[in-house]
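Chemist: My structure is below; once you've seen it, I'll send some questions.
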Amino acid sequence: MVSIPNEDFLKQVFQLKSLGYKASTTALSKRLNISNAAITDMSRKLHHQGYVNYMRYREVELTAEGEKIAISVIRRHRLWELFLNRVLKIPWDKVHAEAERL
């Protein structure tokens, strides 16, 4: 089974919702490239931790705390992109993938 960091999961839920899509198990599975069962397990885990609201057969919703973490992750990612481009002079078309790794 593939392990994904909680922050990546929360970020994907936030991004789907921001784009006007439902954060369904299937949509998250496609974005994170893992099985639906793994998405369900992660959703339950994060529900018990208070980061998402999860009900079977419903879309995943972020709690206020989950949204706070997702926004923080996105901000850090964007800061890495700026650093990589402006300081290290890496072209814009390459910074996203590198920022994801960092």
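Residue numbering restarts at 1 in every chain; chains get A, B, ... in the order shown in the structure tokens, and ligands count up from 1 in that same order.
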Just list as a PyMOL selection string whatever in chain A DSSP marks as helix (DSSP H, G or I).
Modeler: chain A and resi 6-18+25-32+36-48+64-87+92-101
Chemist: Could you pull out the strand (DSSP E) residues of chain A, going by DSSP on the backbone, and write them as a list in words?
Modeler: Val52, Asn53, Glu61 and Leu62 of chain A
Chemist: Of the residues A:Tyr51, A:Leu19, A:Phe9, A:Arg44, which is the one nearest to Arg31 of chain A, using only C-alpha atoms?
Modeler: A:Phe9
Chemist: With a distance cut-off of 9 Å and only C-alpha atoms, select the neighbouring residues of segment 69-86 of chain A, excluding the residue or stretch itself and same-chain residues fewer than 2 positions from it, and output the selection as a ChimeraX atom specification.
Modeler: /A:7-15,51,62,64-67,88-92,94-96,98-100,102
Chemist: Between atom CA of Asn6 of chain A and atom CA of Lys45 of chain A, what distance in Å does the model show, to one decimal?
Modeler: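 If I compute the distance from atom CA of Asn6 of chain A to atom CA of Lys45 of chain A, I get 9.4 Å.
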Chemist: Name the closest residue to Thr25 of chain A among the candidates A:Gln49, A:Tyr54, A:Val87, A:Glu59; distances are taken between atoms, counting only C-alpha atoms.
Modeler: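 Ranking A:Gln49, A:Tyr54, A:Val87, A:Glu59 by distance to Thr25 of chain A, first place goes to A:Glu59.
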Chemist: Quick one: pull the distance between atom CA of Arg56 of chain A and atom CA of Ser18 of chain A, Å, one decimal.
Modeler: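 These atoms are spaced 21.9 Å apart.
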